[in-house]
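In what follows, a single structure is set out as structure tokens and then discussed.
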Amino acid sequence: MSRRLTGALSALAMLVFAGTAAAEGELNIYNWGNYTNPDLIKKFEETYKVKVTITDYDSNSTALTKVKAGGHGFDIVVPSANYVPIFVNEGLLLESRPDQMSNFKNVDPTWVDVPWDPGRKYTAPWQWGTTGIAVNTDAYSGDPNTSAIFMDPPAELVGKVNVVPEMNDVIGLAIMYVGGKPCTADKDVLRKVRDQLMAAKPKWQSMDYGMTEKMSNGDVMASVNWNGSTFRVRAKNPKVVYGYPKEGYVVWMDSVAVLKDAKNVENAKLFQNFIMDPENAALISAFARYANGIKGSEKFMPEDMKTAPEIVVPEQFKAAGTFLPTCPKEARDLYTAIWTELRK
């Protein structure tokens, strides 16, 4: 049998397995908190007779540190686009080949040949969105479309602002606010970033995660926040609006990857294929309220997501969005130094 034919048969076997295999056992998922639809997990468990355990993290850096330390017991992690190459270069991800799975045909072409995982050899799309500003208009009736809300809080919001503890998003917003470009290593620009962040910090209420409940309840009046989270807040508290900073805001995508030291590799691959099914992708979005990157999922999505201003970026703000690249190590080290000082 020729090598080419053997390879073709192996690829075919993988496709069949990814789409139809019966499974059993366990799957341990390491994901952002409050980000996974319980109904999705229940459906996966019932379909494949797999017991799923989910462990939460609050930032990409937390996930990376935990995985690098080893002994974690996780099979799957869900890093943002700019962190995927870091995980790959550190030798932490398995080349699980989502591009050869039966449901890969459903991935929107926009999200196939992506810079952080060309051709999708490691990752399957989870959700994508933006990082902007959530504001309770009971506390502040001014323009929410500016990073000044946290970089130089107006008097009405002093002591009422939260900043989510995600370094790259916050530093990215701050760099664009002072006129720089994401991934800059320009020390003059970064000095401005550090000085303005340090000056603003005493005017903040917190640097915390999980704003969905806190902003819904009025415990926090403004926050650097993600669009889907803000959508969920508005559903409970219509006074909350989402702002797209005119100085520049972050666009991101999180993707599902299989860890190289996973104990349940085949179940992890089944999960990657499972989430590329349009109906399942819609379940993901219906819970966390972000877009998913899977063609055909729209018809299964909640009606209120089709026109929500947090999901459909208003035309006047589209040009200000920037997809964060993976920054060079020099820049990452400088950002980490700023972040460490800010978190003291």
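In the structure tokens, the first chain shown is A, the next is B, and so on; residue numbers restart at 1 for each chain, and ligands run from 1 in the order shown.
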
Go through range 62-84 of chain A and flag each residue having an atom no more than 10 Å from range 161-185 of chain A; for those, report the closest pair of atoms plus their distance in Å to one decimal, using only C-alpha atoms, ordered by chain and rising number, as CSV.
residue,atom,partner,partner_atom,distance
A:Thr62,CA,A:Glu166,CA,9.3
A:Asn82,CA,A:Asn168,CA,8.8
A:Tyr83,CA,A:Asn168,CA,9.7

Residue selection dump (N, CA, C and O atoms) as a CSV table (one decimal), in the first residue's frame:
chain,number,residue,atom,x,y,z
A,62,THR,N,-3.3,33.7,33.9
A,62,THR,CA,-3.5,32.7,34.9
A,62,THR,C,-3.6,31.3,34.3
A,62,THR,O,-2.9,30.3,34.8
A,82,ASN,N,-4.3,35.9,20.9
A,82,ASN,CA,-2.9,36.4,21.0
A,82,ASN,C,-2.1,35.5,22.0
A,82,ASN,O,-0.9,35.6,22.0
A,83,TYR,N,-2.8,34.6,22.7
A,83,TYR,CA,-2.1,33.7,23.6
A,83,TYR,C,-1.8,32.3,22.9
A,83,TYR,O,-1.0,31.5,23.4

Counting only C-alpha atoms, which residues in range 233-276 of chain A sit no more than 6 Å from range 124-141 of chain A? For each one, give the nearest pair of atoms and the distance in Å, sorted by chain then residue number, as CSV.
residue,atom,partner,partner_atom,distance
A:Lys239,CA,A:Thr137,CA,5.5
A:Val240,CA,A:Asn136,CA,4.2
A:Val241,CA,A:Val135,CA,5.4
A:Tyr242,CA,A:Ala134,CA,4.6
A:Gly243,CA,A:Ile133,CA,4.8
A:Tyr244,CA,A:Gly132,CA,5.3
A:Val250,CA,A:Thr131,CA,5.1
A:Val251,CA,A:Thr130,CA,4.4
A:Trp252,CA,A:Gly129,CA,5.6
A:Met253,CA,A:Trp128,CA,4.0
A:Asp254,CA,A:Gln127,CA,5.5
A:Ser255,CA,A:Pro125,CA,4.5
A:Val256,CA,A:Ala124,CA,5.2
A:Gln272,CA,A:Ala124,CA,5.9

- From the list A:Ser297, A:Asn273, A:Asn106, A:Ser285, which residue is nearest Phe231 in chain A when using only C-alpha atoms?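 Among the listed residues, A:Ser285 lies closest to Phe231 in chain A.
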
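Closest to Val78 in chain A among A:Asn31, A:Thr123, A:Thr55, A:Asn103 is A:Asn31, based on only C-alpha atoms.
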
- [ ] Output as an MDAnalysis selection string all residues of range 176-228 of chain A that backbone DSSP marks as alpha helix (DSSP H).
- [x] chainID A and resid 176:177 187:200 211:216 227:228

Selection near Ala319 in chain A, 10 Å with only C-alpha atoms, sequence-local residues under 6 positions removed, as a PDB file with N, CA and C atoms, in the first residue's frame:
ATOM      1  N   LYS A 246     -13.494  55.322  21.414  1.00  0.00           N
ATOM      2  CA  LYS A 246     -13.138  55.915  20.122  1.00  0.00           C
ATOM      3  C   LYS A 246     -11.633  55.980  19.914  1.00  0.00           C
ATOM      4  N   GLY A 248      -9.742  53.564  20.434  1.00  0.00           N
ATOM      5  CA  GLY A 248      -9.378  52.219  20.002  1.00  0.00           C
ATOM      6  C   GLY A 248      -9.824  51.202  21.019  1.00  0.00           C
ATOM      7  N   TYR A 249     -10.395  50.100  20.543  1.00  0.00           N
ATOM      8  CA  TYR A 249     -10.824  49.024  21.432  1.00  0.00           C
ATOM      9  C   TYR A 249     -10.349  47.688  20.883  1.00  0.00           C
ATOM     10  N   VAL A 313     -21.637  45.718  16.038  1.00  0.00           N
ATOM     11  CA  VAL A 313     -20.891  46.960  16.282  1.00  0.00           C
ATOM     12  C   VAL A 313     -21.480  48.089  15.441  1.00  0.00           C
TER      13      VAL A 313
END

DSSP strand (DSSP E) residues within range 213-331 of chain A, listed as a list in words:
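Put together, the selection reads Ala222, Ser223, Val224, Asn225, Trp226, Val240, Val241, Tyr242, Gly243, Tyr249, Val250, Val251, Trp252, Met253, Asp254, Ser255, Val256, Ala257, Val258, Gly321, Thr322 and Phe323 of chain A.
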
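The smallest atom-to-atom distance between Tyr48 in chain A and any of A:Val224, A:Leu270, A:Val258, A:Val189, using only C-alpha atoms, is found for A:Leu270.
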
Determine, counting only C-alpha atoms, which protein, DNA and RNA residues have an atom within 8 Å of an atom of Glu26 in chain A; residues of the same chain fewer than 6 positions away are not included. Present the result as a VMD selection string.
-> chain A and resid 50 to 53 264 267

Please, could you write that set of residues out with all heavy atoms as an mmCIF file, in the first residue's frame?
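out07.cif, freshly written:
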data_model
loop_
_atom_site.group_PDB
_atom_site.id
_atom_site.type_symbol
_atom_site.label_atom_id
_atom_site.label_comp_id
_atom_site.auth_asym_id
_atom_site.auth_seq_id
_atom_site.Cartn_x
_atom_site.Cartn_y
_atom_site.Cartn_z
ATOM 1 N N VAL A 50 -19.764 10.855 28.447
ATOM 2 C CA VAL A 50 -18.524 11.377 29.019
ATOM 3 C C VAL A 50 -18.872 12.302 30.181
ATOM 4 O O VAL A 50 -19.726 13.178 30.055
ATOM 5 C CB VAL A 50 -17.718 12.156 27.957
ATOM 6 C CG1 VAL A 50 -16.547 12.901 28.589
ATOM 7 C CG2 VAL A 50 -17.220 11.205 26.876
ATOM 8 N N LYS A 51 -18.202 12.132 31.299
ATOM 9 C CA LYS A 51 -18.377 13.011 32.451
ATOM 10 C C LYS A 51 -17.450 14.208 32.302
ATOM 11 O O LYS A 51 -16.226 14.057 32.240
ATOM 12 C CB LYS A 51 -18.065 12.259 33.749
ATOM 13 C CG LYS A 51 -18.067 13.133 34.999
ATOM 14 C CD LYS A 51 -19.429 13.767 35.227
ATOM 15 C CE LYS A 51 -19.424 14.637 36.481
ATOM 16 N NZ LYS A 51 -20.691 15.399 36.621
ATOM 17 N N VAL A 52 -18.034 15.406 32.266
ATOM 18 C CA VAL A 52 -17.257 16.625 32.052
ATOM 19 C C VAL A 52 -17.095 17.394 33.363
ATOM 20 O O VAL A 52 -18.062 17.605 34.088
ATOM 21 C CB VAL A 52 -17.924 17.534 31.001
ATOM 22 C CG1 VAL A 52 -17.138 18.839 30.842
ATOM 23 C CG2 VAL A 52 -18.042 16.809 29.661
ATOM 24 N N THR A 53 -15.872 17.822 33.622
ATOM 25 C CA THR A 53 -15.580 18.690 34.766
ATOM 26 C C THR A 53 -15.007 19.993 34.240
ATOM 27 O O THR A 53 -14.122 19.991 33.380
ATOM 28 C CB THR A 53 -14.563 18.038 35.722
ATOM 29 O OG1 THR A 53 -15.095 16.803 36.199
ATOM 30 C CG2 THR A 53 -14.268 18.949 36.909
ATOM 31 N N ASN A 264 -7.254 12.632 28.366
ATOM 32 C CA ASN A 264 -8.449 12.185 27.642
ATOM 33 C C ASN A 264 -8.474 12.827 26.252
ATOM 34 O O ASN A 264 -9.382 13.599 25.913
ATOM 35 C CB ASN A 264 -9.703 12.562 28.440
ATOM 36 C CG ASN A 264 -9.699 11.969 29.840
ATOM 37 O OD1 ASN A 264 -9.844 10.762 30.010
ATOM 38 N ND2 ASN A 264 -9.518 12.823 30.846
ATOM 39 N N ASN A 267 -11.549 12.231 23.772
ATOM 40 C CA ASN A 267 -12.745 12.952 24.209
ATOM 41 C C ASN A 267 -12.589 14.454 23.982
ATOM 42 O O ASN A 267 -13.560 15.147 23.652
ATOM 43 C CB ASN A 267 -13.033 12.664 25.676
ATOM 44 C CG ASN A 267 -13.557 11.258 25.898
ATOM 45 O OD1 ASN A 267 -13.983 10.600 24.957
ATOM 46 N ND2 ASN A 267 -13.501 10.787 27.138
#

Between CA of Phe317 in chain A and CA of Pro144 in chain A, what is the spacing in Å?
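Between CA of Pro144 in chain A and CA of Phe317 in chain A the gap is 12.2 Å.
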
Of A:Ile86, A:Ile76, A:Asp261, A:Lys49, the one sitting nearest Lys329 in chain A when using only C-alpha atoms is A:Ile86

*Of the residues A:Asp56, A:Glu213, A:Asp152, A:Glu298, which is the one nearest to Val77 in chain A, using only C-alpha atoms?*
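Closest candidate: A:Asp56.
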
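Reported to one decimal place, the separation of CA of Ser216 in chain A from CA of Gly159 in chain A is 17.3 Å.
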
Self-check item: Straight-line distance linking CA of Ala320 in chain A with CA of Ala200 in chain A, stated in Å to one decimal
Solution: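 Going from CA of Ala320 in chain A over to CA of Ala200 in chain A covers 23.0 Å.
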
Quiz item: Between A:Arg234, A:Arg97, A:Arg343, A:Lys68, which one has atoms that come closest to Met198 in chain A, using only C-alpha atoms?
Solution: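 For Met198 in chain A, the nearest of the candidates is A:Arg343.
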